[in-house]
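Coordinates as given in structure_7.txt (compact mmCIF, C-alpha atoms):
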```txt
# COMPACT_ATOMS: atom_id res chain seq x y z
CA MET B 1256 -22.48 27.11 14.97
CA THR B 1257 -21.50 23.88 13.23
CA ARG B 1258 -19.56 24.36 9.98
CA VAL B 1259 -20.73 21.79 7.46
CA ILE B 1260 -19.33 21.06 4.02
CA VAL B 1261 -21.71 19.38 1.60
CA GLY B 1262 -19.81 17.81 -1.27
CA VAL B 1263 -21.83 16.95 -4.37
CA GLY B 1264 -20.77 14.35 -6.91
CA GLY B 1265 -21.82 14.29 -10.55
CA GLY B 1266 -24.82 11.96 -10.59
CA ILE B 1267 -28.52 12.32 -11.29
CA ALA B 1268 -29.19 12.16 -7.53
CA ALA B 1269 -27.41 15.52 -7.16
CA TYR B 1270 -30.83 17.21 -7.13
CA LYS B 1271 -31.50 15.62 -3.71
CA SER B 1272 -28.50 17.44 -2.27
CA CYS B 1273 -30.52 20.66 -2.49
CA ALA B 1274 -32.95 19.36 0.14
CA LEU B 1275 -30.01 18.28 2.29
CA VAL B 1276 -28.38 21.72 2.10
CA ARG B 1277 -31.64 23.38 3.05
CA ARG B 1278 -32.07 20.99 6.00
CA PHE B 1279 -28.66 21.99 7.34
CA THR B 1280 -29.21 25.72 6.88
CA GLU B 1281 -32.71 25.67 8.37
CA THR B 1282 -31.35 24.04 11.53
CA GLY B 1283 -28.76 26.75 12.04
CA HIS B 1284 -25.61 25.29 10.48
CA GLU B 1285 -23.08 27.22 8.39
CA VAL B 1286 -22.94 25.40 5.05
CA ARG B 1287 -20.42 25.48 2.21
CA VAL B 1288 -21.33 23.49 -0.87
CA ILE B 1289 -18.44 22.08 -2.91
CA PRO B 1290 -19.66 20.38 -6.09
CA THR B 1291 -17.57 18.63 -8.69
CA GLU B 1292 -17.59 20.09 -12.18
CA SER B 1293 -19.82 17.28 -13.37
CA ALA B 1294 -22.26 17.93 -10.50
CA LEU B 1295 -22.91 21.37 -12.00
CA GLN B 1296 -24.23 19.62 -15.11
CA PHE B 1297 -27.16 18.48 -12.95
CA VAL B 1298 -27.65 21.41 -10.51
CA GLY B 1299 -26.50 24.95 -11.25
CA LYS B 1300 -24.02 26.90 -9.15
CA ALA B 1301 -26.59 29.62 -8.44
CA THR B 1302 -28.92 27.10 -6.81
CA PHE B 1303 -26.28 25.96 -4.33
CA GLU B 1304 -25.25 29.55 -3.58
CA ALA B 1305 -28.86 30.58 -2.95
CA LEU B 1306 -29.53 27.64 -0.64
CA SER B 1307 -26.29 27.89 1.34
CA GLY B 1308 -25.78 31.66 1.34
CA ASN B 1309 -22.12 31.11 0.49
CA PRO B 1310 -20.03 31.20 -2.71
CA VAL B 1311 -19.60 27.97 -4.63
CA ASN B 1312 -16.42 26.92 -6.43
CA THR B 1313 -15.09 23.69 -7.87
CA GLY B 1314 -11.39 24.41 -8.52
CA VAL B 1315 -8.41 25.10 -6.29
CA PHE B 1316 -7.53 28.37 -8.08
CA ALA B 1317 -10.61 30.30 -6.99
CA ASP B 1318 -10.07 32.83 -4.18
CA VAL B 1319 -6.39 31.85 -3.97
CA PRO B 1320 -5.41 34.28 -1.14
CA GLU B 1321 -7.82 32.45 1.19
CA VAL B 1322 -6.23 29.06 0.34
CA PRO B 1323 -9.67 27.39 0.32
CA HIS B 1324 -8.40 23.93 -0.63
CA VAL B 1325 -6.71 23.80 2.79
CA ARG B 1326 -8.75 26.15 4.96
CA LEU B 1327 -12.21 24.71 4.24
CA GLY B 1328 -11.24 21.24 5.36
CA GLN B 1329 -9.28 22.46 8.37
CA GLU B 1330 -12.18 24.54 9.69
CA ALA B 1331 -15.01 22.06 8.99
CA ASP B 1332 -16.87 20.33 11.81
CA LEU B 1333 -18.52 17.86 9.45
CA VAL B 1334 -18.21 16.83 5.79
CA VAL B 1335 -21.10 15.12 3.99
CA ILE B 1336 -20.73 13.86 0.42
CA ALA B 1337 -24.11 13.33 -1.27
CA PRO B 1338 -24.26 11.88 -3.78
CA ALA B 1339 -20.93 10.08 -3.59
CA THR B 1340 -20.43 8.66 -7.08
CA ALA B 1341 -18.17 5.74 -7.93
CA ASP B 1342 -15.70 8.13 -9.58
CA LEU B 1343 -15.61 10.51 -6.62
CA MET B 1344 -15.06 7.71 -4.11
CA ALA B 1345 -12.32 6.23 -6.31
CA ARG B 1346 -10.50 9.57 -6.37
CA ALA B 1347 -10.99 10.09 -2.63
CA ALA B 1348 -9.79 6.57 -1.79
CA SER B 1349 -6.59 7.05 -3.80
CA GLY B 1350 -5.84 10.42 -2.18
CA ARG B 1351 -6.32 12.49 -5.34
CA ALA B 1352 -6.54 16.27 -4.94
CA ASP B 1353 -7.42 17.33 -8.47
CA ASP B 1354 -10.34 19.59 -7.53
CA LEU B 1355 -11.52 21.58 -4.53
CA LEU B 1356 -13.65 18.78 -3.09
CA THR B 1357 -11.00 16.06 -3.07
CA ALA B 1358 -8.39 18.51 -1.77
CA THR B 1359 -10.75 19.46 1.04
CA LEU B 1360 -11.23 15.79 1.92
CA LEU B 1361 -7.47 15.44 2.43
CA THR B 1362 -7.33 18.32 4.90
CA ALA B 1363 -10.52 17.52 6.85
CA ARG B 1364 -9.99 16.04 10.32
CA CYS B 1365 -13.66 16.00 11.29
CA PRO B 1366 -16.22 13.21 10.71
CA VAL B 1367 -16.69 12.51 6.98
CA LEU B 1368 -19.88 10.85 5.74
CA PHE B 1369 -20.22 9.46 2.20
CA ALA B 1370 -23.74 8.74 0.87
CA PRO B 1371 -23.22 6.60 -2.27
CA ALA B 1372 -25.44 6.74 -5.33
CA MET B 1373 -24.82 4.70 -8.49
CA HIS B 1374 -26.14 1.76 -10.49
CA THR B 1375 -26.12 -1.62 -8.75
CA GLU B 1376 -23.41 -3.02 -11.02
CA MET B 1377 -21.13 -0.09 -10.16
CA TRP B 1378 -21.80 -0.41 -6.41
CA GLU B 1379 -21.04 -4.15 -6.49
CA HIS B 1380 -17.98 -3.92 -8.75
CA PRO B 1381 -14.80 -5.14 -7.00
CA ALA B 1382 -13.10 -1.79 -7.59
CA THR B 1383 -15.87 0.10 -5.80
CA VAL B 1384 -15.98 -2.50 -3.01
CA ALA B 1385 -12.24 -2.02 -2.51
CA ASN B 1386 -12.53 1.78 -2.58
CA VAL B 1387 -15.31 1.72 0.03
CA ALA B 1388 -13.16 -0.54 2.24
CA THR B 1389 -10.25 1.88 1.87
CA LEU B 1390 -12.35 4.91 2.79
CA ARG B 1391 -13.68 3.10 5.86
CA ALA B 1392 -10.17 2.05 6.83
CA HIS B 1393 -9.16 5.72 6.65
CA GLY B 1394 -11.90 6.59 9.14
CA ALA B 1395 -14.70 7.78 6.84
CA ILE B 1396 -18.29 6.61 7.23
CA VAL B 1397 -19.67 5.18 3.99
CA MET B 1398 -23.41 4.65 4.19
CA GLU B 1399 -25.13 1.59 2.83
CA PRO B 1400 -27.16 2.79 -0.18
CA ALA B 1401 -30.91 2.40 -0.42
CA HIS B 1402 -32.65 -0.19 -2.59
CA GLY B 1403 -35.04 1.23 -5.16
CA ARG B 1404 -35.57 2.84 -8.53
CA LEU B 1405 -32.39 3.97 -10.25
CA THR B 1406 -31.89 5.83 -13.53
CA GLY B 1407 -34.17 4.56 -16.26
CA ALA B 1408 -36.07 1.37 -15.54
CA ASP B 1409 -33.39 -0.20 -13.35
CA THR B 1410 -34.07 -1.08 -9.71
CA GLY B 1411 -31.70 -2.35 -7.03
CA PRO B 1412 -29.20 -1.32 -4.36
CA GLY B 1413 -27.39 1.91 -5.19
CA ARG B 1414 -30.12 4.51 -4.74
CA LEU B 1415 -29.17 7.59 -2.72
CA PRO B 1416 -30.71 7.44 0.78
CA GLU B 1417 -33.30 10.12 1.39
CA PRO B 1418 -31.93 13.52 2.50
CA GLU B 1419 -33.61 13.23 5.92
CA GLU B 1420 -31.84 9.94 6.59
CA ILE B 1421 -28.47 11.37 5.54
CA PHE B 1422 -29.10 14.41 7.75
CA GLY B 1423 -30.02 12.19 10.70
CA LEU B 1424 -26.83 10.16 10.47
CA ALA B 1425 -24.79 13.34 10.04
CA MET B 1426 -26.32 14.78 13.22
CA LEU B 1427 -25.61 11.51 15.03
CA LEU B 1428 -21.93 11.93 14.15
CA GLN B 1429 -22.08 15.41 15.66
CA GLU B 1430 -23.53 13.98 18.87
CA ARG B 1431 -21.04 11.14 18.94
CA ALA B 1432 -18.25 10.85 16.39
CA ASP B 1433 -17.73 7.10 17.00
CA ALA B 1434 -21.42 6.14 16.83
CA ILE B 1435 -21.16 4.15 13.57
CA PRO B 1436 -18.26 1.68 13.75
CA ARG B 1437 -18.38 -1.30 11.37
CA ASP B 1438 -18.61 -3.74 14.28
CA LEU B 1439 -21.65 -5.72 13.12
CA GLU B 1440 -20.29 -6.99 9.79
CA GLY B 1441 -21.74 -10.41 9.03
CA ARG B 1442 -24.32 -10.25 11.83
CA ARG B 1443 -28.05 -10.81 11.36
CA VAL B 1444 -30.18 -8.54 13.52
CA VAL B 1445 -33.98 -8.50 13.78
CA VAL B 1446 -35.64 -5.32 15.05
CA SER B 1447 -39.34 -4.79 15.76
CA ALA B 1448 -40.80 -1.29 15.72
CA GLY B 1449 -44.02 0.64 16.08
CA GLY B 1450 -47.31 -0.16 17.75
CA THR B 1451 -49.69 -3.01 17.01
CA ARG B 1452 -53.38 -2.46 16.29
CA GLU B 1453 -56.01 -4.92 17.53
CA PRO B 1454 -59.28 -4.54 15.57
CA LEU B 1455 -62.62 -3.99 17.27
CA ASP B 1456 -64.56 -3.56 14.04
CA PRO B 1457 -63.63 -2.54 10.45
CA VAL B 1458 -63.09 1.05 11.63
CA ARG B 1459 -61.86 0.95 15.22
CA PHE B 1460 -58.93 -0.68 16.96
CA LEU B 1461 -57.07 -0.82 20.27
CA GLY B 1462 -53.58 0.64 19.89
CA ASN B 1463 -50.97 2.84 21.50
CA ARG B 1464 -48.95 5.98 20.85
CA SER B 1465 -45.78 4.36 19.54
CA SER B 1466 -44.55 5.99 16.33
CA GLY B 1467 -41.84 3.43 15.57
CA LYS B 1468 -39.10 6.08 15.49
CA GLN B 1469 -36.90 4.34 18.07
CA GLY B 1470 -37.12 0.97 16.34
CA TYR B 1471 -36.37 2.55 12.97
CA ALA B 1472 -33.35 4.31 14.49
CA LEU B 1473 -32.07 0.99 15.84
CA ALA B 1474 -32.50 -0.68 12.44
CA ARG B 1475 -30.87 2.25 10.62
CA VAL B 1476 -27.81 2.45 12.88
CA ALA B 1477 -27.37 -1.34 12.98
CA ALA B 1478 -27.41 -1.49 9.17
CA GLN B 1479 -24.85 1.29 8.91
CA ARG B 1480 -22.70 -0.59 11.43
CA GLY B 1481 -22.62 -3.50 8.96
CA ALA B 1482 -25.46 -5.78 10.08
CA HIS B 1483 -27.99 -7.48 7.82
CA VAL B 1484 -31.15 -6.08 9.38
CA THR B 1485 -34.74 -7.26 9.15
CA LEU B 1486 -37.14 -4.61 10.46
CA ILE B 1487 -40.59 -5.88 11.44
CA ALA B 1488 -42.75 -2.79 11.46
CA GLY B 1489 -46.17 -2.31 12.99
CA ASN B 1490 -47.90 1.08 12.87
CA THR B 1491 -45.20 3.45 11.58
CA ILE B 1492 -47.13 5.93 9.46
CA GLY B 1493 -44.92 8.43 7.63
CA LEU B 1494 -41.56 6.76 8.31
CA GLU B 1495 -39.33 6.04 5.32
CA PRO B 1496 -37.71 2.57 5.27
CA PRO B 1497 -34.08 2.84 6.42
CA ALA B 1498 -31.45 2.36 3.72
CA GLY B 1499 -30.04 -1.14 3.48
CA VAL B 1500 -32.79 -2.69 5.63
CA GLU B 1501 -35.33 -5.40 4.78
CA VAL B 1502 -38.77 -4.29 6.02
CA VAL B 1503 -41.66 -6.62 6.89
CA HIS B 1504 -45.00 -4.91 7.65
CA VAL B 1505 -47.48 -6.29 10.19
CA THR B 1506 -50.58 -4.98 11.96
CA THR B 1507 -51.60 -7.10 14.95
CA ALA B 1508 -49.67 -8.64 17.84
CA GLU B 1509 -50.31 -12.11 16.44
CA GLN B 1510 -48.89 -11.11 13.05
CA LEU B 1511 -45.88 -9.58 14.79
CA LYS B 1512 -45.28 -12.81 16.71
CA VAL B 1513 -45.40 -14.91 13.55
CA ALA B 1514 -42.96 -12.61 11.76
CA VAL B 1515 -40.55 -12.34 14.72
CA ASP B 1516 -40.54 -16.12 15.27
CA LYS B 1517 -39.79 -16.67 11.58
CA HIS B 1518 -36.99 -14.16 11.20
CA ALA B 1519 -35.42 -14.79 14.62
CA LEU B 1520 -34.29 -18.24 13.50
CA GLY B 1521 -30.58 -17.94 12.76
CA ALA B 1522 -30.39 -14.31 13.92
CA ASP B 1523 -27.52 -13.14 16.08
CA ALA B 1524 -29.76 -10.69 17.94
CA VAL B 1525 -33.42 -9.75 18.27
CA ILE B 1526 -34.31 -6.27 19.51
CA MET B 1527 -37.97 -5.95 20.51
CA ALA B 1528 -38.57 -2.20 20.31
CA ALA B 1529 -42.19 -2.55 19.17
CA ALA B 1530 -44.97 -1.46 21.51
CA VAL B 1531 -47.09 -4.60 21.50
CA ALA B 1532 -50.70 -4.29 22.61
CA ASP B 1533 -51.21 -6.27 25.84
CA PHE B 1534 -54.87 -6.97 25.12
CA ARG B 1535 -57.17 -7.50 22.14
CA PRO B 1536 -60.97 -7.64 21.78
CA VAL B 1537 -62.35 -11.15 22.12
CA ASN B 1538 -65.03 -10.45 19.52
CA VAL B 1539 -64.36 -8.47 16.34
CA ALA B 1540 -67.48 -7.09 14.73
CA ALA B 1541 -67.90 -7.80 11.03
CA ALA B 1542 -69.55 -4.41 10.50
CA LYS B 1543 -69.01 -1.02 12.09
CA ILE B 1544 -70.57 -0.82 15.55
CA LYS B 1545 -73.25 1.87 15.21
CA LYS B 1546 -74.46 4.37 17.73
CA GLY B 1547 -78.00 3.47 18.66
CA ALA B 1548 -80.56 3.06 21.36
CA VAL B 1549 -78.53 0.31 22.99
CA GLU B 1550 -74.92 1.27 23.61
CA PRO B 1551 -72.24 -1.38 24.34
CA ASN B 1552 -71.24 -0.97 27.97
CA SER B 1553 -68.11 -3.12 27.88
CA ILE B 1554 -65.55 -4.71 25.56
CA GLU B 1555 -64.36 -8.17 26.52
CA LEU B 1556 -60.59 -8.45 26.20
CA SER B 1557 -58.06 -11.25 26.12
CA LYS B 1558 -54.28 -11.18 26.46
CA THR B 1559 -52.09 -11.01 23.38
CA PRO B 1560 -49.07 -13.34 23.10
CA ASP B 1561 -46.00 -12.34 25.12
CA ILE B 1562 -43.52 -12.22 22.22
CA LEU B 1563 -40.45 -11.28 24.28
CA ALA B 1564 -41.01 -14.05 26.84
CA GLY B 1565 -41.65 -16.46 23.98
CA LEU B 1566 -38.30 -15.63 22.41
CA VAL B 1567 -36.52 -16.31 25.69
CA GLN B 1568 -38.37 -19.63 26.05
CA SER B 1569 -37.41 -20.59 22.49
CA ARG B 1570 -33.78 -19.92 23.38
CA ARG B 1571 -34.10 -22.14 26.46
CA ASP B 1572 -35.55 -24.84 24.21
CA GLY B 1573 -32.54 -24.57 21.88
CA LEU B 1574 -34.30 -23.02 18.88
CA LEU B 1575 -32.45 -19.71 19.27
CA ALA B 1576 -29.23 -20.95 20.78
CA GLY B 1577 -26.74 -18.09 21.08
CA THR B 1578 -29.21 -15.37 20.04
CA ALA B 1579 -28.98 -12.19 22.10
CA ILE B 1580 -32.38 -10.81 23.09
CA VAL B 1581 -33.11 -7.15 23.92
CA GLY B 1582 -36.44 -5.93 25.25
CA PHE B 1583 -37.98 -2.50 25.69
CA ALA B 1584 -40.13 -1.28 28.56
CA ALA B 1585 -42.24 1.87 28.48
CA GLU B 1586 -42.98 2.52 32.15
CA THR B 1587 -44.65 4.96 34.50
CA GLY B 1588 -44.39 5.08 38.25
CA ASP B 1589 -47.39 4.36 40.52
CA GLU B 1590 -48.20 3.61 44.13
CA HIS B 1591 -46.35 0.31 43.88
CA GLY B 1592 -43.00 1.73 42.74
CA ASP B 1593 -41.11 4.03 40.39
CA VAL B 1594 -40.13 3.40 36.79
CA LEU B 1595 -36.97 1.46 37.61
CA THR B 1596 -38.73 -0.70 40.19
CA HIS B 1597 -41.22 -1.88 37.59
CA ALA B 1598 -38.48 -2.26 34.96
CA ARG B 1599 -36.30 -4.45 37.19
CA ALA B 1600 -39.28 -6.69 37.88
CA LYS B 1601 -40.00 -6.92 34.16
CA LEU B 1602 -36.40 -7.86 33.35
CA ALA B 1603 -36.50 -10.67 35.91
CA ARG B 1604 -39.87 -11.84 34.61
CA LYS B 1605 -38.97 -11.77 30.91
CA GLY B 1606 -35.46 -13.18 31.14
CA CYS B 1607 -33.94 -11.18 28.26
CA ASP B 1608 -30.28 -10.13 28.16
CA LEU B 1609 -30.88 -6.38 28.09
CA LEU B 1610 -33.90 -4.22 28.83
CA VAL B 1611 -34.13 -0.63 27.57
CA VAL B 1612 -36.34 1.37 29.92
CA ASN B 1613 -38.13 4.57 28.94
CA ALA B 1614 -40.17 6.73 31.27
CA VAL B 1615 -43.24 7.68 29.25
CA GLY B 1616 -45.68 10.54 29.46
CA GLU B 1617 -46.55 13.73 27.61
CA GLY B 1618 -43.58 14.60 25.37
CA LYS B 1619 -41.55 11.59 26.53
CA ALA B 1620 -40.46 8.61 24.43
CA PHE B 1621 -43.56 8.31 22.23
CA GLU B 1622 -44.05 10.43 19.09
CA VAL B 1623 -40.92 12.54 19.63
CA ASP B 1624 -37.45 12.55 18.06
CA HIS B 1625 -35.44 12.35 21.31
CA ASN B 1626 -35.24 9.78 24.05
CA ASP B 1627 -33.45 8.79 27.26
CA GLY B 1628 -33.78 6.14 29.94
CA TRP B 1629 -31.82 3.26 31.38
CA LEU B 1630 -30.23 0.08 30.06
CA LEU B 1631 -30.61 -2.83 32.47
CA GLY B 1632 -28.53 -5.99 32.06
CA ALA B 1633 -29.37 -9.51 33.18
CA ASP B 1634 -26.03 -9.41 35.03
CA GLY B 1635 -27.34 -6.61 37.26
CA THR B 1636 -25.70 -3.69 35.48
CA GLU B 1637 -27.66 -0.45 35.09
CA ILE B 1638 -26.54 2.26 32.67
CA ALA B 1639 -28.20 5.67 32.37
CA LEU B 1640 -28.91 6.63 28.76
CA ASP B 1641 -28.50 10.40 28.50
CA HIS B 1642 -31.06 12.52 26.67
CA GLY B 1643 -30.34 12.82 22.96
CA SER B 1644 -31.59 11.75 19.56
CA LYS B 1645 -33.14 8.32 19.17
CA ALA B 1646 -30.23 7.46 16.90
CA LEU B 1647 -27.84 8.24 19.76
CA LEU B 1648 -29.77 5.96 22.11
CA ALA B 1649 -29.72 3.28 19.39
CA SER B 1650 -25.93 3.52 19.16
CA ARG B 1651 -25.61 3.07 22.94
CA VAL B 1652 -27.85 0.01 22.90
CA LEU B 1653 -25.85 -1.53 20.05
CA ASP B 1654 -22.63 -0.87 21.98
CA ALA B 1655 -23.98 -2.93 24.86
CA LEU B 1656 -25.25 -5.62 22.50
CA GLY B 1657 -21.82 -6.24 20.96
CA PRO B 1658 -20.27 -8.23 23.86
CA LEU B 1659 -23.34 -10.52 23.97
CA LEU B 1660 -23.05 -11.71 20.36
CA ARG B 1661 -21.79 -15.19 19.65
```
Since I need it in another form, could you write the structure as structure tokens?
Amino acid sequence: MTRVIVGVGGGIAAYKSCALVRRFTETGHEVRVIPTESALQFVGKATFEALSGNPVNTGVFADVPEVPHVRLGQEADLVVIAPATADLMARAASGRADDLLTATLLTARCPVLFAPAMHTEMWEHPATVANVATLRAHGAIVMEPAHGRLTGADTGPGRLPEPEEIFGLAMLLQERADAIPRDLEGRRVVVSAGGTREPLDPVRFLGNRSSGKQGYALARVAAQRGAHVTLIAGNTIGLEPPAGVEVVHVTTAEQLKVAVDKHALGADAVIMAAAVADFRPVNVAAAKIKKGAVEPNSIELSKTPDILAGLVQSRRDGLLAGTAIVGFAAETGDEHGDVLTHARAKLARKGCDLLVVNAVGEGKAFEVDHNDGWLLGADGTEIALDHGSKALLASRVLDALGPLLR
């Protein structure tokens, strides 16, 4: 059983920590909530105790014989601070130990994840920027905040990421403690995600089963590793935009191509995780095709643009000089070969630097939260990607991408 400490700073976003605590407890983790005194002005002690099933204290003089200000940090497997206010991060960065939470941070030797929440001016203030840099230098993970509505009428970067996103990154750190290094600072990365939909009439379309979860995981992890990320999203119903990521929504393969070509200019890397429809109807009916005495017996199709091959050609032509290009292949075996046979042929045909290969089928790759496969390199390397969360696979792909960047 994983022992998780959820630290809660004194900001209006403290109410979201309740959903985070419940997410941890419902998935079988042992949770201790350590709020600051000011956090209890927003959410009462009884609420945290009811959700965690454990006592809640803020000071170092509670339960003295158990020495909680030392023991809690020593025994923790993971510490998550949400919300992490400017004041709390300032005290943590300077090594203060003036309450139970900051004392626990000094004794913790497990992964520590800070999820900031504050007004934009506070997040961008040089003092906060320096404190974040200090915390990262000390080995903590400080998330990029979300962009959105803040207290009052203000909007901008500084919003607390959604509890599910914080939970996902926390679980990634449990799978792999070094999954979120700040190795993409200053890089521009374009990621495509989800399936395209090619209309047949105002009601029907040709599509596929892609949910967009893998592409969103790539965008999320890349942003938390320091990249400026543009996510070009097709059909991704129900997915929240990742914190710190610019999202561009498209529907068809042609729209996806236009968006990718635009945003790829000047990018350090393009990761084509979208499931692009290979074909589209030649004729799109202006009105819904009705059932009647005469039924259509065929739908004439034409090929959609090959976006991945087009990116490689643009690089050959000098438009994307130095841009690393990563493709994805959802494959099944058949009488002509197995999954890897088809994937190797696709890599040679497309000419990208890396190809992520997923074997697809019922409960595999599409519409699920876990993934596995292989990572094929243009240099002939082949790396097995072990089964795990899609965030874990994303971290492995980004590891391999690093050496290819300019």
Between region 1500-1547 of chain B and region 1568-1584 of chain B, at 8 Å or less, what are the per-residue closest atom pairs and their distances in Å? Count all atoms listed in the file, order by chain and rising residue number, and return it as a tab-separated table.
```
residue	atom	partner	partner_atom	distance
B:Ala1519	CA	B:Leu1575	CA	7.4
B:Leu1520	CA	B:Leu1575	CA	6.2
B:Gly1521	CA	B:Leu1575	CA	7.0
B:Ala1522	CA	B:Thr1578	CA	6.3
B:Asp1523	CA	B:Thr1578	CA	4.8
B:Ala1524	CA	B:Ala1579	CA	4.5
B:Val1525	CA	B:Ile1580	CA	5.0
B:Ile1526	CA	B:Val1581	CA	4.7
B:Met1527	CA	B:Gly1582	CA	5.0
B:Ala1528	CA	B:Phe1583	CA	5.4
B:Ala1529	CA	B:Phe1583	CA	7.8
```
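Atom pair CA of His1504 (chain B) / CA of Ser1466 (chain B): separated by 13.9 Å.
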Using all atoms of region 1606-1617 of chain B listed in the file and a margin of 5 Å per side, can you give the axis-aligned box centre and edge lengths in Å to one decimal, as lines of an AutoDock Vina configuration file?
```
center_x = -38.4
center_y = 0.3
center_z = 29.4
size_x = 26.3
size_y = 36.9
size_z = 13.7
```
Next on the checklist: Using only C-alpha atoms, can you tell me which of B:Lys1271, B:His1597, B:Arg1346, B:Arg1278 comes closest to Arg1414 (chain B)?
Outcome noted: B:Lys1271
Checklist entry - When you draw a straight line from CA of Ala1337 (chain B) to CA of Gly1657 (chain B), how long is it in Å? => result 29.7 Å
Checklist entry - Can you tell me, as a PyMOL selection string, what residues are no more than 12 Å from Ala1345 (chain B) when counting all atoms listed in the file, ignoring any on the same chain fewer than 6 positions away? => result chain B and resi 1264+1339+1351-1352+1357+1371+1377-1378+1380-1390
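Computed from the coordinates, the CA of Arg1431 (chain B) to CA of Glu1495 (chain B) distance equals 23.4 Å.
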What are the closest atom pairs, with distances in Å to one decimal, for each residue of region 1463-1486 of chain B lying within 12 Å of region 1393-1413 of chain B, using only C-alpha atoms, rows by chain and rising residue number, as CSV?
```
residue,atom,partner,partner_atom,distance
B:Arg1475,CA,B:Glu1399,CA,9.7
B:Val1476,CA,B:Met1398,CA,10.0
B:Ala1477,CA,B:Glu1399,CA,10.8
B:Ala1478,CA,B:Glu1399,CA,7.4
B:Gln1479,CA,B:Met1398,CA,6.0
B:Arg1480,CA,B:Met1398,CA,9.0
B:Gly1481,CA,B:Glu1399,CA,8.4
B:Ala1482,CA,B:Glu1399,CA,10.3
B:His1483,CA,B:Glu1399,CA,10.7
B:Val1484,CA,B:Glu1399,CA,11.7
```
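Excluding Leu1355 (chain B) and any residue on its chain fewer than 4 positions from it, the residues at most 8 Å away by all atoms listed in the file are Ile1289, Thr1291, Asn1312, Thr1313, Gly1314, Val1315, Pro1323, His1324 and Thr1359 of chain B.
For Leu1640 (chain B), the non-local neighbours within 12 Å, defined as residues at least 6 positions apart in the same chain or in other chains and counting only C-alpha atoms, are Leu1610, Val1611, Val1612, Asn1613, Ala1614, His1625, Asn1626, Asp1627, Gly1628, Trp1629, Leu1630, Leu1631, Ala1646, Leu1647, Leu1648, Ala1649, Ser1650, Arg1651, Val1652, Asp1654 and Ala1655 of chain B.
Distances from B:Ile1267, B:Thr1506, B:Gly1462, B:Thr1280 to Ala1294 (chain B) were compared using only C-alpha atoms, and the smallest one belongs to B:Ile1267.
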Item to check | Proximity to Glu1420 (chain B) - best of B:Leu1343, B:Pro1496, B:Arg1287, B:Val1594, all atoms listed in the file | outcome: B:Pro1496
Find the spatial neighbours of Gly1328 (chain B), counting all atoms listed in the file, within a cut-off of 7 Å - ignore same-chain residues fewer than 3 positions away - and output them as a short mmCIF file (atom, residue, chain, number, x, y, z; two decimals) with C-alpha atoms, in the coordinates of the input.
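Listing of part28.cif after writing:
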```
data_model
loop_
_atom_site.label_atom_id
_atom_site.label_comp_id
_atom_site.auth_asym_id
_atom_site.auth_seq_id
_atom_site.Cartn_x
_atom_site.Cartn_y
_atom_site.Cartn_z
CA VAL B 1325 -6.71 23.80 2.79
CA ALA B 1331 -15.01 22.06 8.99
CA THR B 1359 -10.75 19.46 1.04
CA LEU B 1360 -11.23 15.79 1.92
CA THR B 1362 -7.33 18.32 4.90
CA ALA B 1363 -10.52 17.52 6.85
#
```
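Distance check against Phe1621 (chain B) using all atoms listed in the file: of B:Leu1660, B:Gly1449, B:Ala1472, B:Ile1487, the minimum falls on B:Gly1449.
Shortest atom-to-atom contact with Asp1624 (chain B) among B:Leu1327, B:Ser1553, B:Val1505, B:Tyr1471: B:Tyr1471, counting only C-alpha atoms.
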